[in-house]
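Here's target.txt, which has compact mmCIF, N, CA and C atoms:
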```txt
# COMPACT_ATOMS: atom_id res chain seq x y z
N MET A 11 2.86 -10.27 18.93
CA MET A 11 4.05 -9.48 19.17
C MET A 11 3.66 -8.01 19.21
N SER A 12 3.53 -7.48 20.39
CA SER A 12 3.25 -6.06 20.48
C SER A 12 4.30 -5.44 21.38
N LEU A 13 5.06 -4.57 20.77
CA LEU A 13 6.20 -3.95 21.41
C LEU A 13 5.91 -2.46 21.46
N THR A 14 6.26 -1.80 22.54
CA THR A 14 6.09 -0.36 22.60
C THR A 14 7.31 0.28 21.97
N LEU A 15 7.06 1.11 20.97
CA LEU A 15 8.17 1.77 20.27
C LEU A 15 8.69 2.93 21.10
N PRO A 16 10.01 3.12 21.11
CA PRO A 16 10.57 4.31 21.78
C PRO A 16 10.00 5.58 21.15
N GLN A 17 9.77 6.60 21.95
CA GLN A 17 9.24 7.88 21.48
C GLN A 17 10.05 8.39 20.28
N GLY A 18 9.37 8.71 19.17
CA GLY A 18 10.03 9.30 18.01
C GLY A 18 10.95 8.34 17.26
N TYR A 19 10.81 7.05 17.49
CA TYR A 19 11.69 6.06 16.83
C TYR A 19 11.55 6.11 15.31
N ARG A 20 12.68 6.11 14.62
CA ARG A 20 12.75 5.95 13.16
C ARG A 20 13.82 4.90 12.89
N PRO A 21 13.54 3.93 12.02
CA PRO A 21 14.56 2.93 11.71
C PRO A 21 15.79 3.59 11.09
N SER A 22 16.96 3.02 11.35
CA SER A 22 18.17 3.55 10.73
C SER A 22 19.04 2.41 10.24
N GLU A 23 19.96 2.76 9.35
CA GLU A 23 20.88 1.77 8.78
C GLU A 23 21.90 1.29 9.82
N ASP A 24 21.99 2.00 10.97
CA ASP A 24 23.01 1.67 11.98
C ASP A 24 22.59 0.52 12.90
N GLU A 25 21.33 0.12 12.85
CA GLU A 25 20.88 -0.93 13.75
C GLU A 25 20.72 -2.25 12.97
N PRO A 26 20.67 -3.38 13.68
CA PRO A 26 20.48 -4.65 12.97
C PRO A 26 19.20 -4.61 12.15
N PHE A 27 19.30 -5.04 10.88
CA PHE A 27 18.16 -4.98 9.97
C PHE A 27 17.03 -5.89 10.46
N MET A 28 15.83 -5.34 10.47
CA MET A 28 14.61 -6.03 10.87
C MET A 28 14.69 -6.65 12.27
N ASN A 29 15.31 -5.89 13.18
CA ASN A 29 15.25 -6.29 14.59
C ASN A 29 13.79 -6.10 15.05
N ASP A 30 13.47 -6.54 16.25
CA ASP A 30 12.08 -6.50 16.72
C ASP A 30 11.49 -5.10 16.69
N THR A 31 12.27 -4.09 17.09
CA THR A 31 11.76 -2.71 17.12
C THR A 31 11.44 -2.24 15.70
N MET A 32 12.33 -2.52 14.76
CA MET A 32 12.12 -2.10 13.37
C MET A 32 10.90 -2.81 12.78
N LYS A 33 10.77 -4.10 13.06
CA LYS A 33 9.61 -4.86 12.57
C LYS A 33 8.32 -4.26 13.10
N GLU A 34 8.32 -3.94 14.41
CA GLU A 34 7.13 -3.37 15.03
C GLU A 34 6.81 -2.00 14.43
N TYR A 35 7.85 -1.21 14.14
CA TYR A 35 7.66 0.10 13.52
C TYR A 35 6.91 -0.06 12.19
N PHE A 36 7.40 -0.96 11.34
CA PHE A 36 6.76 -1.15 10.03
C PHE A 36 5.39 -1.80 10.17
N ARG A 37 5.23 -2.69 11.16
CA ARG A 37 3.92 -3.31 11.39
C ARG A 37 2.88 -2.22 11.73
N GLN A 38 3.26 -1.32 12.63
CA GLN A 38 2.34 -0.24 13.01
C GLN A 38 2.08 0.70 11.83
N LYS A 39 3.11 0.97 11.04
CA LYS A 39 2.96 1.84 9.87
C LYS A 39 1.97 1.21 8.87
N LEU A 40 2.10 -0.08 8.64
CA LEU A 40 1.20 -0.80 7.73
C LEU A 40 -0.23 -0.81 8.28
N LEU A 41 -0.38 -1.06 9.58
CA LEU A 41 -1.72 -1.10 10.19
C LEU A 41 -2.40 0.27 10.12
N ALA A 42 -1.63 1.33 10.35
CA ALA A 42 -2.20 2.68 10.29
C ALA A 42 -2.66 3.00 8.87
N TRP A 43 -1.84 2.64 7.88
CA TRP A 43 -2.18 2.87 6.47
C TRP A 43 -3.44 2.09 6.11
N ARG A 44 -3.50 0.84 6.59
CA ARG A 44 -4.63 -0.03 6.30
C ARG A 44 -5.92 0.58 6.88
N SER A 45 -5.88 1.05 8.13
CA SER A 45 -7.12 1.61 8.70
C SER A 45 -7.52 2.90 8.03
N GLU A 46 -6.54 3.68 7.59
CA GLU A 46 -6.87 4.91 6.85
C GLU A 46 -7.59 4.56 5.53
N LEU A 47 -7.09 3.55 4.83
CA LEU A 47 -7.73 3.13 3.58
C LEU A 47 -9.13 2.59 3.83
N LEU A 48 -9.30 1.82 4.91
CA LEU A 48 -10.63 1.29 5.22
C LEU A 48 -11.61 2.41 5.54
N ARG A 49 -11.13 3.41 6.27
CA ARG A 49 -11.99 4.56 6.61
C ARG A 49 -12.43 5.27 5.33
N GLU A 50 -11.44 5.52 4.42
CA GLU A 50 -11.75 6.18 3.15
C GLU A 50 -12.72 5.34 2.32
N SER A 51 -12.51 4.03 2.35
CA SER A 51 -13.36 3.12 1.61
C SER A 51 -14.80 3.17 2.14
N ASP A 52 -14.94 3.24 3.47
CA ASP A 52 -16.28 3.34 4.06
C ASP A 52 -16.95 4.64 3.64
N GLU A 53 -16.18 5.73 3.61
CA GLU A 53 -16.74 7.02 3.18
C GLU A 53 -17.19 6.95 1.73
N THR A 54 -16.37 6.33 0.89
CA THR A 54 -16.71 6.18 -0.53
C THR A 54 -18.00 5.38 -0.67
N LEU A 55 -18.09 4.29 0.08
CA LEU A 55 -19.26 3.43 0.01
C LEU A 55 -20.51 4.20 0.44
N ALA A 56 -20.39 4.95 1.54
CA ALA A 56 -21.53 5.74 2.02
C ALA A 56 -21.95 6.75 0.96
N HIS A 57 -20.97 7.37 0.32
CA HIS A 57 -21.27 8.37 -0.71
C HIS A 57 -21.94 7.72 -1.92
N LEU A 58 -21.47 6.54 -2.29
CA LEU A 58 -22.07 5.83 -3.44
C LEU A 58 -23.52 5.45 -3.14
N GLN A 59 -23.80 5.10 -1.87
CA GLN A 59 -25.15 4.69 -1.51
C GLN A 59 -26.12 5.86 -1.44
N GLU A 60 -25.57 7.07 -1.33
CA GLU A 60 -26.43 8.26 -1.30
C GLU A 60 -27.15 8.44 -2.63
N GLY A 61 -26.62 7.85 -3.68
CA GLY A 61 -27.27 7.95 -4.99
C GLY A 61 -26.77 9.14 -5.75
N GLY A 62 -27.68 9.99 -6.18
CA GLY A 62 -27.30 11.17 -6.94
C GLY A 62 -27.53 10.97 -8.43
N LEU A 63 -28.06 9.80 -8.81
CA LEU A 63 -28.30 9.57 -10.24
C LEU A 63 -29.70 9.99 -10.64
N GLN A 64 -30.42 10.62 -9.71
CA GLN A 64 -31.77 11.11 -10.00
C GLN A 64 -31.73 12.54 -10.52
N GLU A 65 -30.53 13.00 -10.89
CA GLU A 65 -30.39 14.38 -11.36
C GLU A 65 -31.28 14.60 -12.59
N PRO A 66 -32.11 15.67 -12.58
CA PRO A 66 -33.00 15.92 -13.72
C PRO A 66 -32.22 16.38 -14.96
N ASP A 67 -31.14 17.12 -14.74
CA ASP A 67 -30.37 17.66 -15.87
C ASP A 67 -29.42 16.60 -16.41
N ILE A 68 -29.39 16.42 -17.72
CA ILE A 68 -28.55 15.39 -18.33
C ILE A 68 -27.07 15.60 -18.04
N ALA A 69 -26.63 16.86 -18.05
CA ALA A 69 -25.22 17.16 -17.77
C ALA A 69 -24.89 16.82 -16.31
N ASP A 70 -25.81 17.14 -15.39
CA ASP A 70 -25.60 16.80 -13.98
C ASP A 70 -25.55 15.29 -13.79
N ARG A 71 -26.44 14.59 -14.52
CA ARG A 71 -26.49 13.14 -14.41
C ARG A 71 -25.18 12.53 -14.94
N ALA A 72 -24.70 13.07 -16.06
CA ALA A 72 -23.44 12.58 -16.64
C ALA A 72 -22.28 12.83 -15.69
N SER A 73 -22.29 14.00 -15.08
CA SER A 73 -21.24 14.34 -14.13
C SER A 73 -21.29 13.40 -12.93
N ALA A 74 -22.50 13.09 -12.44
CA ALA A 74 -22.66 12.18 -11.31
C ALA A 74 -22.17 10.78 -11.68
N GLU A 75 -22.46 10.35 -12.92
CA GLU A 75 -22.00 9.03 -13.40
C GLU A 75 -20.48 8.97 -13.43
N THR A 76 -19.86 10.05 -13.93
CA THR A 76 -18.40 10.12 -14.00
C THR A 76 -17.79 10.04 -12.60
N ASP A 77 -18.36 10.81 -11.67
CA ASP A 77 -17.89 10.78 -10.28
C ASP A 77 -18.01 9.38 -9.69
N ARG A 78 -19.14 8.75 -9.97
CA ARG A 78 -19.40 7.40 -9.45
C ARG A 78 -18.36 6.41 -10.01
N ALA A 79 -18.08 6.48 -11.29
CA ALA A 79 -17.10 5.58 -11.92
C ALA A 79 -15.72 5.80 -11.30
N LEU A 80 -15.37 7.06 -11.07
CA LEU A 80 -14.08 7.39 -10.47
C LEU A 80 -14.00 6.82 -9.04
N GLU A 81 -15.09 6.97 -8.29
CA GLU A 81 -15.11 6.45 -6.92
C GLU A 81 -14.98 4.93 -6.91
N LEU A 82 -15.63 4.27 -7.87
CA LEU A 82 -15.53 2.81 -7.94
C LEU A 82 -14.11 2.38 -8.28
N ARG A 83 -13.47 3.10 -9.20
CA ARG A 83 -12.08 2.78 -9.55
C ARG A 83 -11.16 2.98 -8.35
N THR A 84 -11.39 4.09 -7.63
CA THR A 84 -10.59 4.39 -6.44
C THR A 84 -10.79 3.29 -5.40
N ARG A 85 -12.03 2.88 -5.22
CA ARG A 85 -12.34 1.84 -4.25
C ARG A 85 -11.66 0.52 -4.63
N ASP A 86 -11.63 0.20 -5.92
CA ASP A 86 -10.98 -1.02 -6.39
C ASP A 86 -9.47 -0.95 -6.13
N ARG A 87 -8.88 0.23 -6.39
CA ARG A 87 -7.45 0.42 -6.14
C ARG A 87 -7.16 0.27 -4.65
N GLU A 88 -8.02 0.84 -3.80
CA GLU A 88 -7.85 0.73 -2.35
C GLU A 88 -7.94 -0.72 -1.91
N ARG A 89 -8.87 -1.47 -2.50
CA ARG A 89 -9.05 -2.88 -2.14
C ARG A 89 -7.78 -3.67 -2.47
N LYS A 90 -7.20 -3.40 -3.65
CA LYS A 90 -5.96 -4.09 -4.04
C LYS A 90 -4.81 -3.70 -3.12
N LEU A 91 -4.77 -2.43 -2.74
CA LEU A 91 -3.73 -1.93 -1.84
C LEU A 91 -3.85 -2.59 -0.47
N ILE A 92 -5.08 -2.72 0.03
CA ILE A 92 -5.31 -3.36 1.33
C ILE A 92 -4.83 -4.80 1.29
N SER A 93 -5.06 -5.46 0.16
CA SER A 93 -4.60 -6.84 0.06
C SER A 93 -3.07 -6.92 0.04
N LYS A 94 -2.41 -5.93 -0.56
CA LYS A 94 -0.94 -5.89 -0.54
C LYS A 94 -0.43 -5.59 0.87
N ILE A 95 -1.16 -4.73 1.59
CA ILE A 95 -0.79 -4.41 2.98
C ILE A 95 -0.93 -5.67 3.84
N ASP A 96 -2.03 -6.42 3.64
CA ASP A 96 -2.23 -7.66 4.39
C ASP A 96 -1.10 -8.65 4.13
N ALA A 97 -0.66 -8.74 2.86
CA ALA A 97 0.45 -9.63 2.51
C ALA A 97 1.73 -9.18 3.21
N ALA A 98 1.96 -7.85 3.26
CA ALA A 98 3.15 -7.32 3.92
C ALA A 98 3.10 -7.62 5.42
N LEU A 99 1.92 -7.48 6.04
CA LEU A 99 1.76 -7.79 7.46
C LEU A 99 2.06 -9.27 7.71
N GLN A 100 1.66 -10.13 6.79
CA GLN A 100 1.94 -11.56 6.92
C GLN A 100 3.45 -11.80 6.84
N ARG A 101 4.14 -11.05 5.96
CA ARG A 101 5.60 -11.18 5.86
C ARG A 101 6.30 -10.73 7.15
N VAL A 102 5.70 -9.72 7.83
CA VAL A 102 6.27 -9.29 9.12
C VAL A 102 6.19 -10.47 10.09
N VAL A 103 5.04 -11.15 10.10
CA VAL A 103 4.83 -12.28 11.00
C VAL A 103 5.78 -13.44 10.67
N ASP A 104 5.92 -13.75 9.38
CA ASP A 104 6.75 -14.92 9.04
C ASP A 104 8.24 -14.61 8.88
N GLY A 105 8.61 -13.34 9.09
CA GLY A 105 10.03 -12.99 9.11
C GLY A 105 10.66 -12.69 7.76
N THR A 106 9.83 -12.59 6.70
CA THR A 106 10.41 -12.30 5.38
C THR A 106 10.26 -10.83 5.00
N TYR A 107 9.57 -10.05 5.84
CA TYR A 107 9.35 -8.63 5.52
C TYR A 107 10.68 -7.88 5.43
N GLY A 108 10.79 -7.02 4.40
CA GLY A 108 11.97 -6.18 4.27
C GLY A 108 13.07 -6.80 3.43
N TYR A 109 12.84 -8.02 3.00
CA TYR A 109 13.84 -8.70 2.16
C TYR A 109 13.30 -8.86 0.75
N CYS A 110 14.16 -8.62 -0.23
CA CYS A 110 13.78 -8.71 -1.64
C CYS A 110 13.35 -10.14 -1.98
N GLU A 111 12.18 -10.28 -2.61
CA GLU A 111 11.68 -11.59 -3.00
C GLU A 111 12.58 -12.27 -4.02
N GLU A 112 13.30 -11.46 -4.78
CA GLU A 112 14.11 -12.00 -5.86
C GLU A 112 15.53 -12.38 -5.41
N THR A 113 16.15 -11.49 -4.64
CA THR A 113 17.56 -11.70 -4.28
C THR A 113 17.76 -12.13 -2.83
N GLY A 114 16.73 -11.91 -2.00
CA GLY A 114 16.87 -12.23 -0.58
C GLY A 114 17.63 -11.15 0.19
N GLU A 115 18.10 -10.13 -0.54
CA GLU A 115 18.85 -9.04 0.10
C GLU A 115 17.89 -8.08 0.81
N PRO A 116 18.37 -7.40 1.86
CA PRO A 116 17.52 -6.41 2.53
C PRO A 116 17.12 -5.28 1.57
N ILE A 117 15.88 -4.86 1.66
CA ILE A 117 15.39 -3.69 0.91
C ILE A 117 15.78 -2.48 1.76
N THR A 118 16.24 -1.40 1.15
CA THR A 118 16.69 -0.26 1.95
C THR A 118 15.55 0.31 2.80
N ILE A 119 15.92 0.83 3.95
CA ILE A 119 14.94 1.43 4.86
C ILE A 119 14.25 2.60 4.17
N ARG A 120 15.01 3.40 3.40
CA ARG A 120 14.39 4.54 2.69
C ARG A 120 13.28 4.06 1.77
N ARG A 121 13.52 2.95 1.06
CA ARG A 121 12.49 2.42 0.16
C ARG A 121 11.29 1.91 0.95
N LEU A 122 11.54 1.22 2.05
CA LEU A 122 10.42 0.71 2.86
C LEU A 122 9.63 1.85 3.51
N GLU A 123 10.32 2.92 3.87
CA GLU A 123 9.62 4.09 4.43
C GLU A 123 8.68 4.68 3.37
N ALA A 124 9.19 4.78 2.13
CA ALA A 124 8.41 5.37 1.04
C ALA A 124 7.32 4.42 0.55
N ARG A 125 7.63 3.13 0.53
CA ARG A 125 6.69 2.13 0.01
C ARG A 125 6.74 0.89 0.92
N PRO A 126 6.02 0.94 2.05
CA PRO A 126 6.10 -0.14 3.03
C PRO A 126 5.68 -1.51 2.50
N ILE A 127 4.99 -1.54 1.34
CA ILE A 127 4.56 -2.83 0.80
C ILE A 127 5.55 -3.37 -0.23
N ALA A 128 6.70 -2.71 -0.39
CA ALA A 128 7.69 -3.14 -1.39
C ALA A 128 8.12 -4.58 -1.14
N THR A 129 8.23 -5.34 -2.23
CA THR A 129 8.70 -6.73 -2.12
C THR A 129 10.01 -6.91 -2.86
N LEU A 130 10.42 -5.89 -3.59
CA LEU A 130 11.66 -5.96 -4.37
C LEU A 130 12.58 -4.82 -4.00
N SER A 131 13.88 -5.08 -4.06
CA SER A 131 14.85 -4.00 -3.87
C SER A 131 14.74 -3.07 -5.08
N ILE A 132 15.30 -1.88 -4.98
CA ILE A 132 15.28 -0.93 -6.10
C ILE A 132 15.86 -1.58 -7.35
N GLU A 133 16.99 -2.26 -7.20
CA GLU A 133 17.67 -2.87 -8.35
C GLU A 133 16.77 -3.91 -9.02
N ALA A 134 16.16 -4.78 -8.21
CA ALA A 134 15.28 -5.82 -8.77
C ALA A 134 14.06 -5.18 -9.42
N GLN A 135 13.52 -4.13 -8.80
CA GLN A 135 12.35 -3.43 -9.36
C GLN A 135 12.70 -2.82 -10.72
N GLU A 136 13.87 -2.18 -10.79
CA GLU A 136 14.29 -1.56 -12.06
C GLU A 136 14.50 -2.63 -13.13
N ARG A 137 15.05 -3.77 -12.73
CA ARG A 137 15.23 -4.88 -13.67
C ARG A 137 13.87 -5.32 -14.23
N HIS A 138 12.91 -5.47 -13.34
CA HIS A 138 11.56 -5.86 -13.75
C HIS A 138 10.97 -4.86 -14.73
N GLU A 139 11.11 -3.57 -14.41
CA GLU A 139 10.54 -2.53 -15.27
C GLU A 139 11.22 -2.52 -16.63
N ARG A 140 12.55 -2.74 -16.66
CA ARG A 140 13.26 -2.80 -17.94
C ARG A 140 12.75 -3.98 -18.77
N LEU A 141 12.57 -5.13 -18.13
CA LEU A 141 12.07 -6.32 -18.82
C LEU A 141 10.67 -6.07 -19.36
N GLU A 142 9.81 -5.45 -18.55
CA GLU A 142 8.45 -5.15 -18.99
C GLU A 142 8.47 -4.26 -20.22
N ARG A 143 9.33 -3.23 -20.20
CA ARG A 143 9.43 -2.31 -21.35
C ARG A 143 9.89 -3.06 -22.58
N THR A 144 10.86 -3.93 -22.42
CA THR A 144 11.40 -4.69 -23.55
C THR A 144 10.32 -5.57 -24.15
N HIS A 145 9.57 -6.27 -23.30
CA HIS A 145 8.54 -7.18 -23.80
C HIS A 145 7.34 -6.43 -24.36
N ARG A 146 7.07 -5.24 -23.84
CA ARG A 146 5.95 -4.46 -24.34
C ARG A 146 6.22 -3.96 -25.75
N ASP A 147 7.49 -3.73 -26.05
CA ASP A 147 7.85 -3.21 -27.37
C ASP A 147 7.88 -4.29 -28.45
N ASP A 148 7.75 -5.56 -28.06
CA ASP A 148 7.81 -6.67 -29.03
C ASP A 148 6.65 -6.62 -30.00
```

Would you mind giving the structure from this file in structure tokens?
Amino acid sequence: MSLTLPQGYRPSEDEPFMNDTMKEYFRQKLLAWRSELLRESDETLAHLQEGGLQEPDIADRASAETDRALELRTRDRERKLISKIDAALQRVVDGTYGYCEETGEPITIRRLEARPIATLSIEAQERHERLERTHRDD
């Protein structure tokens, strides 16, 4: 399914929810985000392979180790994000994208614009966070 989006198209609440144009808009948004993350991940990998742990000064070596650990954490976060993007792309294909996993209700366009990988409506997300807080305090 590859549809050409109208110039400057932005989804709105006035059109049928998750019509073909809206689905294509979010599909392209997810794909663009995914390739940006992959590009950053490749840069991180190249930087990690450059080494830098041969620093003669102990403080420089410690600093290089800290940078390396941070880059590895960032890379891990990016990997998890890419997997969430892939899951969202699959939902676009199977027709469940944009609908709350819990209630089946449409997720607002504003929320999807801000967080295209969202699987819960704001209300369901807040409910989850409240439950997590309650159980964490036990």

Please measure the separation of atom CA of Ile95 of chain A and atom C of Ile127 of chain A, giving the value in Å to one decimal. 7.2 Å

Separation of atom CA of Ala74 of chain A and atom C of His57 of chain A, in Å? 10.4 Å

Using only C-alpha atoms, which protein or nucleic acid residues come within 12 Å of Arg121 of chain A? Drop anything in the same chain fewer than 3 positions from it, and give the result as a list in words. Pro21, Phe36, Gly108, Tyr109, Cys110, Pro116, Ile117, Thr118, Ala124, Arg125, Pro126, Ile127, Ala128, Thr129, Leu130, Ser131, Ile132, Glu133 and Gln135 of chain A

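As for atom CA of Glu111 of chain A and atom CA of Arg85 of chain A, they are spaced 27.5 Å apart.
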
Can you list every residue of segment 18-86 of chain A that has an atom at most 9 Å from segment 100-103 of chain A, with its nearest atom pair and the distance in Å to one decimal, using only C-alpha atoms, ordered by chain then number, as a Markdown table?
```
| residue | atom | partner | partner_atom | distance |
| --- | --- | --- | --- | --- |
| A:Lys33 | CA | A:Val102 | CA | 6.5 |
| A:Glu34 | CA | A:Val102 | CA | 8.4 |
| A:Phe36 | CA | A:Val102 | CA | 8.2 |
| A:Arg37 | CA | A:Val102 | CA | 6.8 |
```

Residue among A:Leu55, A:Leu141, A:Leu99, A:Met32 lying closest to Arg83 of chain A, counting only C-alpha atoms: A:Leu55

Which residue of A:Leu80, A:Leu15, A:Leu48, A:Ala98 approaches Tyr35 of chain A most closely, using only N, CA and C atoms: A:Leu15

Nearest to Asp86 of chain A: which of A:Glu50, A:Asp67, A:Glu23, A:Asp104 is it, counting only C-alpha atoms? A:Glu50

Could you give me, as a count of residues only, the residues within 8 Å of Leu58 of chain A, counting all atoms listed in the file and dropping anything in the same chain fewer than 4 positions from it? 7

Give the helix (DSSP H, G or I) residues of chain A, as DSSP finds them on the backbone, and put them as a ChimeraX atom specification. /A:30-59,68-104,119-124,132-146

So, counting all atoms listed in the file, which residue among A:Gln38, A:Ser73, A:Gln59, A:Thr31 is closest to Pro16 of chain A? A:Thr31

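Comparing the minimum interatomic distances between Arg44 of chain A and each of A:Ala79, A:Asn29, A:Ala69, A:Leu91, counting all atoms listed in the file, we find that A:Leu91 sits nearest.
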
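Using only C-alpha atoms, the nearest neighbour of Arg137 of chain A within the list A:Leu13, A:Glu112, A:Ile119, A:Arg20 is A:Glu112.
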